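Novice: Next up, upload_2.pdb (PDB, C-alpha atoms, pLDDT in the B column).
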MODEL        1
ATOM      1  CA  MET A   1     105.095 -76.369 -89.509  1.00 49.00           C
ATOM      2  CA  LEU A   2     108.802 -75.877 -88.890  1.00 49.00           C
ATOM      3  CA  GLU A   3     109.247 -74.311 -92.322  1.00 58.00           C
ATOM      4  CA  THR A   4     106.453 -71.830 -91.581  1.00 68.00           C
ATOM      5  CA  LEU A   5     107.988 -70.856 -88.250  1.00 62.00           C
ATOM      6  CA  PHE A   6     111.404 -70.446 -89.865  1.00 57.00           C
ATOM      7  CA  ILE A   7     110.011 -68.169 -92.586  1.00 67.00           C
ATOM      8  CA  ALA A   8     108.094 -66.159 -89.979  1.00 65.00           C
ATOM      9  CA  PHE A   9     111.280 -65.725 -87.967  1.00 58.00           C
ATOM     10  CA  LEU A  10     113.183 -64.534 -91.050  1.00 64.00           C
ATOM     11  CA  LEU A  11     110.436 -61.979 -91.681  1.00 67.00           C
ATOM     12  CA  LEU A  12     110.716 -60.843 -88.066  1.00 62.00           C
ATOM     13  CA  LEU A  13     114.469 -60.394 -88.483  1.00 61.00           C
ATOM     14  CA  PHE A  14     113.880 -58.351 -91.634  1.00 65.00           C
ATOM     15  CA  ILE A  15     111.130 -56.166 -90.133  1.00 72.00           C
ATOM     16  CA  SER A  16     112.614 -55.721 -86.657  1.00 68.00           C
ATOM     17  CA  PRO A  17     116.218 -56.961 -86.361  1.00 67.00           C
ATOM     18  CA  LYS A  18     116.569 -56.079 -82.677  1.00 68.00           C
ATOM     19  CA  THR A  19     113.414 -57.963 -81.725  1.00 73.00           C
ATOM     20  CA  GLY A  20     114.434 -60.941 -83.824  1.00 65.00           C
ATOM     21  CA  LEU A  21     117.927 -61.078 -82.339  1.00 69.00           C
ATOM     22  CA  ALA A  22     116.512 -60.754 -78.823  1.00 73.00           C
ATOM     23  CA  ALA A  23     114.114 -63.626 -79.523  1.00 72.00           C
ATOM     24  CA  LEU A  24     116.943 -65.722 -80.964  1.00 70.00           C
ATOM     25  CA  LEU A  25     119.121 -65.059 -77.913  1.00 73.00           C
ATOM     26  CA  GLY A  26     116.241 -65.936 -75.607  1.00 78.00           C
ATOM     27  CA  LEU A  27     115.548 -69.208 -77.413  1.00 75.00           C
ATOM     28  CA  TRP A  28     119.225 -70.165 -77.407  1.00 74.00           C
ATOM     29  CA  THR A  29     119.570 -69.353 -73.694  1.00 82.00           C
ATOM     30  CA  THR A  30     116.446 -71.339 -72.840  1.00 82.00           C
ATOM     31  CA  PHE A  31     117.697 -74.278 -74.884  1.00 75.00           C
ATOM     32  CA  GLN A  32     121.090 -74.278 -73.152  1.00 78.00           C
ATOM     33  CA  LEU A  33     119.531 -73.973 -69.689  1.00 81.00           C
ATOM     34  CA  HIS A  34     117.182 -76.845 -70.491  1.00 78.00           C
ATOM     35  CA  ARG A  35     120.119 -79.045 -71.494  1.00 80.00           C
ATOM     36  CA  ALA A  36     122.059 -78.073 -68.378  1.00 82.00           C
ATOM     37  CA  TYR A  37     119.026 -78.893 -66.229  1.00 82.00           C
ATOM     38  CA  ARG A  38     118.612 -82.322 -67.832  1.00 83.00           C
ATOM     39  CA  LEU A  39     122.291 -83.096 -67.374  1.00 82.00           C
ATOM     40  CA  GLY A  40     122.150 -82.052 -63.729  1.00 81.00           C
ATOM     41  CA  ARG A  41     119.111 -84.259 -63.115  1.00 84.00           C
ATOM     42  CA  SER A  42     120.478 -87.342 -64.861  1.00 81.00           C
ATOM     43  CA  GLN A  43     124.048 -87.089 -63.535  1.00 86.00           C
ATOM     44  CA  PRO A  44     124.652 -89.723 -60.804  1.00 85.00           C
ATOM     45  CA  ARG A  45     124.835 -88.342 -57.291  1.00 87.00           C
ATOM     46  CA  GLU A  46     128.481 -89.328 -56.883  1.00 86.00           C
ATOM     47  CA  GLY A  47     129.353 -87.466 -60.081  1.00 86.00           C
ATOM     48  CA  ARG A  48     127.617 -84.177 -59.330  1.00 90.00           C
ATOM     49  CA  PRO A  49     130.663 -82.629 -57.588  1.00 91.00           C
ATOM     50  CA  LEU A  50     132.633 -83.331 -60.770  1.00 91.00           C
ATOM     51  CA  LEU A  51     129.954 -81.642 -62.868  1.00 91.00           C
ATOM     52  CA  ARG A  52     129.889 -78.622 -60.540  1.00 92.00           C
ATOM     53  CA  LEU A  53     133.675 -78.393 -60.721  1.00 93.00           C
ATOM     54  CA  SER A  54     133.594 -78.423 -64.515  1.00 92.00           C
ATOM     55  CA  ARG A  55     130.892 -75.759 -64.689  1.00 92.00           C
ATOM     56  CA  SER A  56     132.664 -73.547 -62.158  1.00 93.00           C
ATOM     57  CA  LEU A  57     135.960 -73.691 -64.023  1.00 94.00           C
ATOM     58  CA  ARG A  58     134.226 -73.085 -67.357  1.00 93.00           C
ATOM     59  CA  THR A  59     132.707 -69.943 -65.860  1.00 93.00           C
ATOM     60  CA  ILE A  60     136.106 -68.830 -64.577  1.00 95.00           C
ATOM     61  CA  ASN A  61     137.622 -69.533 -67.985  1.00 94.00           C
ATOM     62  CA  ALA A  62     134.934 -67.417 -69.659  1.00 93.00           C
ATOM     63  CA  LEU A  63     135.532 -64.547 -67.221  1.00 95.00           C
ATOM     64  CA  LEU A  64     139.290 -64.666 -67.819  1.00 95.00           C
ATOM     65  CA  SER A  65     138.688 -64.696 -71.576  1.00 95.00           C
ATOM     66  CA  LEU A  66     136.407 -61.689 -71.198  1.00 94.00           C
ATOM     67  CA  ALA A  67     139.032 -59.858 -69.131  1.00 95.00           C
ATOM     68  CA  LEU A  68     141.683 -60.536 -71.771  1.00 94.00           C
ATOM     69  CA  ALA A  69     139.325 -59.383 -74.524  1.00 94.00           C
ATOM     70  CA  ALA A  70     138.484 -56.201 -72.608  1.00 94.00           C
ATOM     71  CA  ALA A  71     142.183 -55.443 -72.132  1.00 94.00           C
ATOM     72  CA  LEU A  72     142.986 -55.892 -75.826  1.00 93.00           C
ATOM     73  CA  ALA A  73     139.924 -53.967 -77.002  1.00 92.00           C
ATOM     74  CA  GLY A  74     140.703 -51.226 -74.481  1.00 92.00           C
ATOM     75  CA  MET A  75     144.242 -50.871 -75.812  1.00 93.00           C
ATOM     76  CA  VAL A  76     142.898 -50.341 -79.320  1.00 90.00           C
ATOM     77  CA  TYR A  77     140.293 -47.877 -78.040  1.00 87.00           C
ATOM     78  CA  PHE A  78     142.661 -45.709 -75.997  1.00 90.00           C
ATOM     79  CA  ILE A  79     145.800 -45.953 -78.133  1.00 89.00           C
ATOM     80  CA  ILE A  80     144.610 -46.227 -81.740  1.00 86.00           C
ATOM     81  CA  LEU A  81     141.015 -45.097 -82.254  1.00 84.00           C
ATOM     82  CA  GLU A  82     138.320 -44.004 -79.795  1.00 83.00           C
ATOM     83  CA  ASN A  83     135.326 -45.580 -81.457  1.00 86.00           C
ATOM     84  CA  ARG A  84     132.669 -47.330 -79.380  1.00 85.00           C
ATOM     85  CA  LEU A  85     131.419 -49.561 -82.173  1.00 86.00           C
ATOM     86  CA  LEU A  86     134.968 -50.672 -82.903  1.00 87.00           C
ATOM     87  CA  PHE A  87     135.496 -51.315 -79.188  1.00 90.00           C
ATOM     88  CA  VAL A  88     132.393 -53.518 -79.007  1.00 88.00           C
ATOM     89  CA  PHE A  89     133.414 -55.407 -82.147  1.00 89.00           C
ATOM     90  CA  ASN A  90     136.964 -55.969 -80.864  1.00 91.00           C
ATOM     91  CA  LEU A  91     135.606 -57.038 -77.484  1.00 92.00           C
ATOM     92  CA  MET A  92     133.303 -59.654 -79.013  1.00 90.00           C
ATOM     93  CA  PHE A  93     135.908 -60.862 -81.496  1.00 91.00           C
ATOM     94  CA  CYS A  94     138.722 -61.160 -78.938  1.00 93.00           C
ATOM     95  CA  PHE A  95     136.395 -62.853 -76.456  1.00 92.00           C
ATOM     96  CA  ALA A  96     135.374 -65.475 -79.021  1.00 90.00           C
ATOM     97  CA  VAL A  97     139.002 -66.125 -79.987  1.00 91.00           C
ATOM     98  CA  ALA A  98     140.229 -66.307 -76.379  1.00 92.00           C
ATOM     99  CA  LEU A  99     137.383 -68.598 -75.366  1.00 90.00           C
ATOM    100  CA  ARG A 100     138.164 -70.958 -78.232  1.00 88.00           C
ATOM    101  CA  TRP A 101     141.965 -70.843 -78.267  1.00 91.00           C
ATOM    102  CA  PHE A 102     142.887 -70.656 -74.580  1.00 92.00           C
ATOM    103  CA  ASP A 103     142.029 -72.953 -71.694  1.00 92.00           C
ATOM    104  CA  PHE A 104     143.157 -71.070 -68.601  1.00 93.00           C
ATOM    105  CA  THR A 105     141.859 -73.648 -66.132  1.00 92.00           C
ATOM    106  CA  PHE A 106     142.911 -76.953 -67.720  1.00 91.00           C
ATOM    107  CA  SER A 107     145.701 -77.569 -65.200  1.00 91.00           C
ATOM    108  CA  LEU A 108     143.516 -76.731 -62.204  1.00 92.00           C
ATOM    109  CA  PHE A 109     140.760 -79.034 -63.456  1.00 93.00           C
ATOM    110  CA  HIS A 110     143.220 -81.881 -63.960  1.00 91.00           C
ATOM    111  CA  LYS A 111     144.722 -81.444 -60.492  1.00 91.00           C
ATOM    112  CA  GLN A 112     141.333 -81.240 -58.784  1.00 91.00           C
ATOM    113  CA  VAL A 113     140.082 -84.393 -60.509  1.00 90.00           C
ATOM    114  CA  ALA A 114     143.277 -86.254 -59.583  1.00 86.00           C
ATOM    115  CA  ARG A 115     142.929 -85.089 -55.973  1.00 88.00           C
ATOM    116  CA  LYS A 116     139.249 -85.983 -55.639  1.00 87.00           C
ATOM    117  CA  TYR A 117     139.574 -89.305 -57.475  1.00 85.00           C
ATOM    118  CA  PRO A 118     143.014 -90.754 -56.621  1.00 81.00           C
ATOM    119  CA  GLU A 119     141.988 -94.173 -57.976  1.00 77.00           C
ATOM    120  CA  LEU A 120     142.248 -92.913 -61.569  1.00 76.00           C
ATOM    121  CA  ARG A 121     144.717 -94.979 -63.576  1.00 72.00           C
ATOM    122  CA  LEU A 122     146.229 -94.620 -67.034  1.00 69.00           C
ATOM    123  CA  PRO A 123     144.847 -97.265 -69.436  1.00 66.00           C
ATOM    124  CA  GLY A 124     147.977 -96.953 -71.595  1.00 63.00           C
ATOM    125  CA  GLU A 125     151.261 -95.109 -71.941  1.00 69.00           C
ATOM    126  CA  SER A 126     149.828 -92.742 -74.560  1.00 76.00           C
ATOM    127  CA  ALA A 127     146.633 -92.008 -72.619  1.00 85.00           C
ATOM    128  CA  LEU A 128     145.627 -88.356 -72.372  1.00 90.00           C
ATOM    129  CA  PHE A 129     143.376 -86.508 -69.970  1.00 92.00           C
ATOM    130  CA  ALA A 130     139.950 -85.865 -71.469  1.00 93.00           C
ATOM    131  CA  ILE A 131     136.337 -85.176 -70.619  1.00 93.00           C
ATOM    132  CA  CYS A 132     133.421 -87.305 -71.758  1.00 91.00           C
ATOM    133  CA  LEU A 133     129.822 -86.268 -72.333  1.00 91.00           C
ATOM    134  CA  ALA A 134     127.235 -88.976 -72.951  1.00 89.00           C
ATOM    135  CA  TRP A 135     124.076 -88.285 -74.947  1.00 88.00           C
ATOM    136  CA  SER A 136     120.828 -90.226 -75.148  1.00 84.00           C
ATOM    137  CA  ARG A 137     117.164 -89.664 -75.891  1.00 73.00           C
ATOM    138  CA  PRO A 138     115.191 -88.002 -73.087  1.00 63.00           C
ATOM    139  CA  ALA A 139     112.709 -90.139 -71.196  1.00 57.00           C
ATOM    140  CA  GLY A 140     110.204 -87.311 -70.746  1.00 52.00           C
ATOM    141  CA  PHE A 141     109.401 -84.148 -72.658  1.00 52.00           C
ATOM    142  CA  GLY A 142     111.696 -83.233 -75.535  1.00 52.00           C
ATOM    143  CA  VAL A 143     112.977 -84.500 -78.845  1.00 56.00           C
ATOM    144  CA  GLY A 144     116.413 -85.378 -80.127  1.00 66.00           C
ATOM    145  CA  LEU A 145     119.369 -86.208 -77.916  1.00 77.00           C
ATOM    146  CA  SER A 146     120.272 -84.609 -74.604  1.00 80.00           C
ATOM    147  CA  PRO A 147     123.425 -84.778 -72.458  1.00 85.00           C
ATOM    148  CA  VAL A 148     122.825 -87.226 -69.621  1.00 85.00           C
ATOM    149  CA  PHE A 149     126.225 -88.040 -68.150  1.00 89.00           C
ATOM    150  CA  PHE A 150     129.523 -86.219 -67.604  1.00 92.00           C
ATOM    151  CA  ASP A 151     132.860 -87.750 -66.688  1.00 92.00           C
ATOM    152  CA  ALA A 152     136.562 -86.928 -66.764  1.00 93.00           C
ATOM    153  CA  GLY A 153     139.547 -89.237 -66.948  1.00 91.00           C
ATOM    154  CA  TYR A 154     142.124 -90.743 -69.270  1.00 92.00           C
ATOM    155  CA  LEU A 155     141.459 -91.659 -72.892  1.00 92.00           C
ATOM    156  CA  HIS A 156     143.488 -94.203 -74.835  1.00 90.00           C
ATOM    157  CA  ALA A 157     143.161 -95.783 -78.281  1.00 88.00           C
ATOM    158  CA  SER A 158     145.144 -98.761 -79.506  1.00 85.00           C
ATOM    159  CA  LYS A 159     144.646-101.609 -81.994  1.00 83.00           C
ATOM    160  CA  GLY A 160     141.003-100.942 -82.713  1.00 84.00           C
ATOM    161  CA  ARG A 161     140.000-100.387 -79.093  1.00 88.00           C
ATOM    162  CA  LEU A 162     139.022 -97.169 -77.351  1.00 90.00           C
ATOM    163  CA  GLU A 163     139.377 -97.115 -73.577  1.00 90.00           C
ATOM    164  CA  PHE A 164     138.234 -94.422 -71.205  1.00 90.00           C
ATOM    165  CA  ASN A 165     139.125 -94.698 -67.531  1.00 90.00           C
ATOM    166  CA  GLY A 166     136.995 -92.022 -65.948  1.00 88.00           C
ATOM    167  CA  ALA A 167     136.433 -90.876 -62.417  1.00 88.00           C
ATOM    168  CA  LEU A 168     132.981 -92.479 -62.475  1.00 87.00           C
ATOM    169  CA  THR A 169     133.044 -95.164 -65.172  1.00 86.00           C
ATOM    170  CA  ARG A 170     135.347 -97.477 -67.088  1.00 88.00           C
ATOM    171  CA  GLN A 171     134.376 -97.778 -70.729  1.00 86.00           C
ATOM    172  CA  SER A 172     135.879 -99.803 -73.538  1.00 87.00           C
ATOM    173  CA  TYR A 173     134.700-100.024 -77.141  1.00 87.00           C
ATOM    174  CA  LEU A 174     135.835-101.993 -80.154  1.00 87.00           C
ATOM    175  CA  LEU A 175     135.530-100.745 -83.699  1.00 85.00           C
ATOM    176  CA  VAL A 176     132.632-103.148 -84.312  1.00 84.00           C
ATOM    177  CA  ASP A 177     130.703-101.488 -81.470  1.00 85.00           C
ATOM    178  CA  LEU A 178     130.690 -98.158 -83.277  1.00 88.00           C
ATOM    179  CA  GLN A 179     128.421 -96.966 -86.033  1.00 88.00           C
ATOM    180  CA  ARG A 180     130.618 -94.026 -86.991  1.00 89.00           C
ATOM    181  CA  ILE A 181     133.257 -91.612 -85.700  1.00 91.00           C
ATOM    182  CA  GLU A 182     133.049 -87.866 -86.255  1.00 90.00           C
ATOM    183  CA  LYS A 183     135.657 -85.199 -85.605  1.00 91.00           C
ATOM    184  CA  LEU A 184     134.597 -82.188 -83.547  1.00 87.00           C
ATOM    185  CA  SER A 185     136.578 -78.986 -83.829  1.00 83.00           C
ATOM    186  CA  SER A 186     140.318 -79.528 -83.289  1.00 86.00           C
ATOM    187  CA  ASP A 187     140.384 -81.164 -79.856  1.00 89.00           C
ATOM    188  CA  GLY A 188     137.470 -83.561 -79.800  1.00 91.00           C
ATOM    189  CA  PHE A 189     135.505 -86.277 -81.523  1.00 93.00           C
ATOM    190  CA  ARG A 190     132.340 -88.223 -80.984  1.00 91.00           C
ATOM    191  CA  ILE A 191     131.454 -91.843 -81.465  1.00 90.00           C
ATOM    192  CA  VAL A 192     127.985 -93.037 -82.398  1.00 90.00           C
ATOM    193  CA  LEU A 193     127.351 -96.436 -80.852  1.00 89.00           C
ATOM    194  CA  ALA A 194     125.804 -99.223 -82.874  1.00 84.00           C
ATOM    195  CA  LYS A 195     123.337 -99.795 -80.040  1.00 83.00           C
ATOM    196  CA  PRO A 196     122.661 -97.927 -76.780  1.00 80.00           C
ATOM    197  CA  SER A 197     124.847 -99.057 -73.907  1.00 75.00           C
ATOM    198  CA  GLY A 198     126.747 -97.835 -70.893  1.00 68.00           C
ATOM    199  CA  PRO A 199     125.508 -95.174 -68.487  1.00 63.00           C
ATOM    200  CA  CYS A 200     121.947 -93.974 -69.144  1.00 69.00           C
ATOM    201  CA  GLN A 201     121.702 -96.085 -72.320  1.00 77.00           C
ATOM    202  CA  THR A 202     124.139 -93.847 -74.141  1.00 84.00           C
ATOM    203  CA  GLU A 203     123.800 -93.436 -77.900  1.00 87.00           C
ATOM    204  CA  ILE A 204     126.585 -90.901 -78.499  1.00 89.00           C
ATOM    205  CA  LEU A 205     129.791 -90.203 -76.595  1.00 91.00           C
ATOM    206  CA  LYS A 206     131.628 -86.933 -77.075  1.00 93.00           C
ATOM    207  CA  PHE A 207     135.265 -86.772 -76.014  1.00 94.00           C
ATOM    208  CA  ARG A 208     137.323 -83.630 -75.697  1.00 94.00           C
ATOM    209  CA  LEU A 209     141.040 -83.688 -74.959  1.00 93.00           C
ATOM    210  CA  LYS A 210     141.837 -81.401 -72.060  1.00 91.00           C
ATOM    211  CA  TYR A 211     145.520 -81.628 -71.282  1.00 90.00           C
ATOM    212  CA  GLN A 212     147.091 -78.382 -72.507  1.00 90.00           C
ATOM    213  CA  PHE A 213     146.631 -74.616 -72.585  1.00 91.00           C
ATOM    214  CA  TYR A 214     146.029 -74.426 -76.343  1.00 90.00           C
ATOM    215  CA  PRO A 215     143.125 -76.761 -77.236  1.00 90.00           C
ATOM    216  CA  PHE A 216     143.676 -76.354 -80.984  1.00 88.00           C
ATOM    217  CA  LYS A 217     147.113 -77.979 -80.635  1.00 89.00           C
ATOM    218  CA  SER A 218     145.413 -81.242 -79.650  1.00 90.00           C
ATOM    219  CA  ARG A 219     144.490 -81.960 -83.267  1.00 91.00           C
ATOM    220  CA  ILE A 220     147.509 -84.230 -83.838  1.00 91.00           C
ATOM    221  CA  GLU A 221     146.786 -86.400 -80.798  1.00 91.00           C
ATOM    222  CA  ARG A 222     143.076 -86.485 -81.625  1.00 91.00           C
ATOM    223  CA  ASP A 223     143.822 -87.668 -85.173  1.00 91.00           C
ATOM    224  CA  ARG A 224     146.292 -90.244 -83.850  1.00 91.00           C
ATOM    225  CA  MET A 225     143.636 -91.738 -81.587  1.00 90.00           C
ATOM    226  CA  ILE A 226     141.104 -91.940 -84.393  1.00 90.00           C
ATOM    227  CA  TYR A 227     143.698 -93.543 -86.673  1.00 90.00           C
ATOM    228  CA  GLN A 228     144.605 -96.200 -84.114  1.00 88.00           C
ATOM    229  CA  LEU A 229     140.941 -96.890 -83.493  1.00 88.00           C
ATOM    230  CA  THR A 230     139.986 -97.234 -87.156  1.00 86.00           C
ATOM    231  CA  ASN A 231     143.175 -99.029 -88.287  1.00 82.00           C
ATOM    232  CA  PRO A 232     143.777-101.795 -85.746  1.00 71.00           C
ATOM    233  CA  ASN A 233     146.421-103.564 -87.847  1.00 70.00           C
ATOM    234  CA  GLU A 234     148.494-100.521 -88.765  1.00 63.00           C
ATOM    235  CA  GLU A 235     150.805 -98.195 -86.931  1.00 56.00           C
ATOM    236  CA  PRO A 236     150.149 -94.439 -87.120  1.00 50.00           C
ATOM    237  CA  ALA A 237     152.382 -92.515 -89.509  1.00 51.00           C
TER     238      ALA A 237
ENDMDL
END
Show me this structure written as structure tokens.

Specialist:
Amino acid sequence: MLETLFIAFLLLLFISPKTGLAALLGLWTTFQLHRAYRLGRSQPREGRPLLRLSRSLRTINALLSLALAAALAGMVYFIILENRLLFVFNLMFCFAVALRWFDFTFSLFHKQVARKYPELRLPGESALFAICLAWSRPAGFGVGLSPVFFDAGYLHASKGRLEFNGALTRQSYLLVDLQRIEKLSSDGFRIVLAKPSGPCQTEILKFRLKYQFYPFKSRIERDRMIYQLTNPNEEPA
């Protein structure tokens, strides 16, 4: 059934690209809104202000990235070549790069979390500020995994143990508790638990380091944490 739908969609893209792209955008938007709705419903009441803060700052970050992209694309349009298609391409390209490479609101998010949750404590000297997104299987309609819990706090790895002191939860995992560890982009990773545990019977935890303006520069610290978690008897190089 899925193969038939996929082939039909490819034919639609070939016959009418605009209609196919519009349908793809609509499906993607619906999927993202559905995930956001599930996360909002499953997030504990005391953690909903934190979720709203994160979403608000992500929106601001996207708007600032768009403004930067518009400025750069506008410079090319007015100074080098007045071509609308080139302007649109530069706008989309610069927006994607700015959204991925720059985190304009990281400092504000950190300060707001520290102000709202003064009880946050560092679990270790090398702990770094990070966000955590927990995933589990939905209880109602839907297949696969959905985000069910959001938290922010300090992440620390040492001697085969991963500790996360969040604003809402305190979590600690040993290497034997994990099924596998996967790197995500340059500033994050996810751990697949051997068995569901923690908030909302979590199956997967995604961590993203959020302590500097350039997220891609967090790769070294991310790799160091994974090394210390997977090599409890060795020191990182």

Novice: Specify as a compact mmCIF listing (two decimals) with C-alpha atoms, keeping the file's coordinate frame each residue included when the PyMOL selection byres ((chain A and resi 97) around 12) is applied to this file.

Specialist:
# COMPACT_ATOMS: atom_id res chain seq x y z
CA ALA A 62 134.93 -67.42 -69.66
CA SER A 65 138.69 -64.70 -71.58
CA LEU A 66 136.41 -61.69 -71.20
CA LEU A 68 141.68 -60.54 -71.77
CA ALA A 69 139.32 -59.38 -74.52
CA LEU A 72 142.99 -55.89 -75.83
CA ASN A 90 136.96 -55.97 -80.86
CA LEU A 91 135.61 -57.04 -77.48
CA MET A 92 133.30 -59.65 -79.01
CA PHE A 93 135.91 -60.86 -81.50
CA CYS A 94 138.72 -61.16 -78.94
CA PHE A 95 136.40 -62.85 -76.46
CA ALA A 96 135.37 -65.47 -79.02
CA ALA A 98 140.23 -66.31 -76.38
CA LEU A 99 137.38 -68.60 -75.37
CA ARG A 100 138.16 -70.96 -78.23
CA TRP A 101 141.96 -70.84 -78.27
CA PHE A 102 142.89 -70.66 -74.58
CA ASP A 103 142.03 -72.95 -71.69
CA TYR A 214 146.03 -74.43 -76.34
CA PRO A 215 143.12 -76.76 -77.24
CA PHE A 216 143.68 -76.35 -80.98

Novice: Need the shell around stretch 217-229 of chain A: protein/DNA/RNA residues with any atom at most 10 Å away, counting all atoms listed in the file. Skip same-chain ones fewer than 3 positions apart. Format as a ChimeraX atom specification?

Specialist: /A:101,126-128,155-162,173-175,181-189,207-214,232-237

Novice: Rounded to one decimal in Å, what is the spacing between atom CA of A:Phe109 and atom CA of A:Arg38?

Specialist: 22.8 Å

Novice: In Å, with one decimal, what is the gap from atom CA of A:Leu51 to atom CA of A:Ser197?

Specialist: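 That distance, rounded to one decimal, is 21.2 Å.
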
Novice: Record the distance separating atom CA of A:Ser54 and atom CA of A:His110, expressed in Å with one decimal.

Specialist: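 It comes out at 10.2 Å.
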
Novice: Applied to the shown file, which residues does the PyMOL selection byres ((chain A and resi 76) around 12) return, written as an NGL selection string?

Specialist: :A and (69-75 or 77-91 or 94)

Novice: Restricting it to C-alpha atoms, dump the selection as a compact mmCIF listing (two decimals), in the coordinates of the input.

Specialist:
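The result, stored in again39.txt:
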# COMPACT_ATOMS: atom_id res chain seq x y z
CA ALA A 69 139.32 -59.38 -74.52
CA ALA A 70 138.48 -56.20 -72.61
CA ALA A 71 142.18 -55.44 -72.13
CA LEU A 72 142.99 -55.89 -75.83
CA ALA A 73 139.92 -53.97 -77.00
CA GLY A 74 140.70 -51.23 -74.48
CA MET A 75 144.24 -50.87 -75.81
CA TYR A 77 140.29 -47.88 -78.04
CA PHE A 78 142.66 -45.71 -76.00
CA ILE A 79 145.80 -45.95 -78.13
CA ILE A 80 144.61 -46.23 -81.74
CA LEU A 81 141.01 -45.10 -82.25
CA GLU A 82 138.32 -44.00 -79.80
CA ASN A 83 135.33 -45.58 -81.46
CA ARG A 84 132.67 -47.33 -79.38
CA LEU A 85 131.42 -49.56 -82.17
CA LEU A 86 134.97 -50.67 -82.90
CA PHE A 87 135.50 -51.32 -79.19
CA VAL A 88 132.39 -53.52 -79.01
CA PHE A 89 133.41 -55.41 -82.15
CA ASN A 90 136.96 -55.97 -80.86
CA LEU A 91 135.61 -57.04 -77.48
CA CYS A 94 138.72 -61.16 -78.94

Novice: Can you sort out the box for stretch 40-50 of chain A, edges along x, y and z, all listed atoms in, 4 Å on every side, with centre and edge lengths in Å to one decimal, as JSON?

Specialist:
{"center_x": 125.9, "center_y": -85.9, "center_z": -60.9, "size_x": 21.5, "size_y": 15.7, "size_z": 16.0}

Novice: If you take only C-alpha atoms and a cut-off of 8 Å, which residues of stretch 25-115 of chain A touch stretch 166-171 of chain A, and what are their nearest atom pairs and distances in Å to one decimal, in chain and number order, as a Markdown table?

Specialist:
| residue | atom | partner | partner_atom | distance |
| --- | --- | --- | --- | --- |
| A:Glu46 | CA | A:Leu168 | CA | 7.8 |
| A:Gly47 | CA | A:Leu168 | CA | 6.6 |
| A:Val113 | CA | A:Ala167 | CA | 7.7 |

Novice: Tell me, as a list in words, which residues lie within 6 Å of A:Cys132, counting all atoms listed in the file; anything in the same chain fewer than 6 positions away does not count.

Specialist: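 Contacts, in chain order: Phe150, Asp151, Ala152, Lys206 and Phe207 of chain A.
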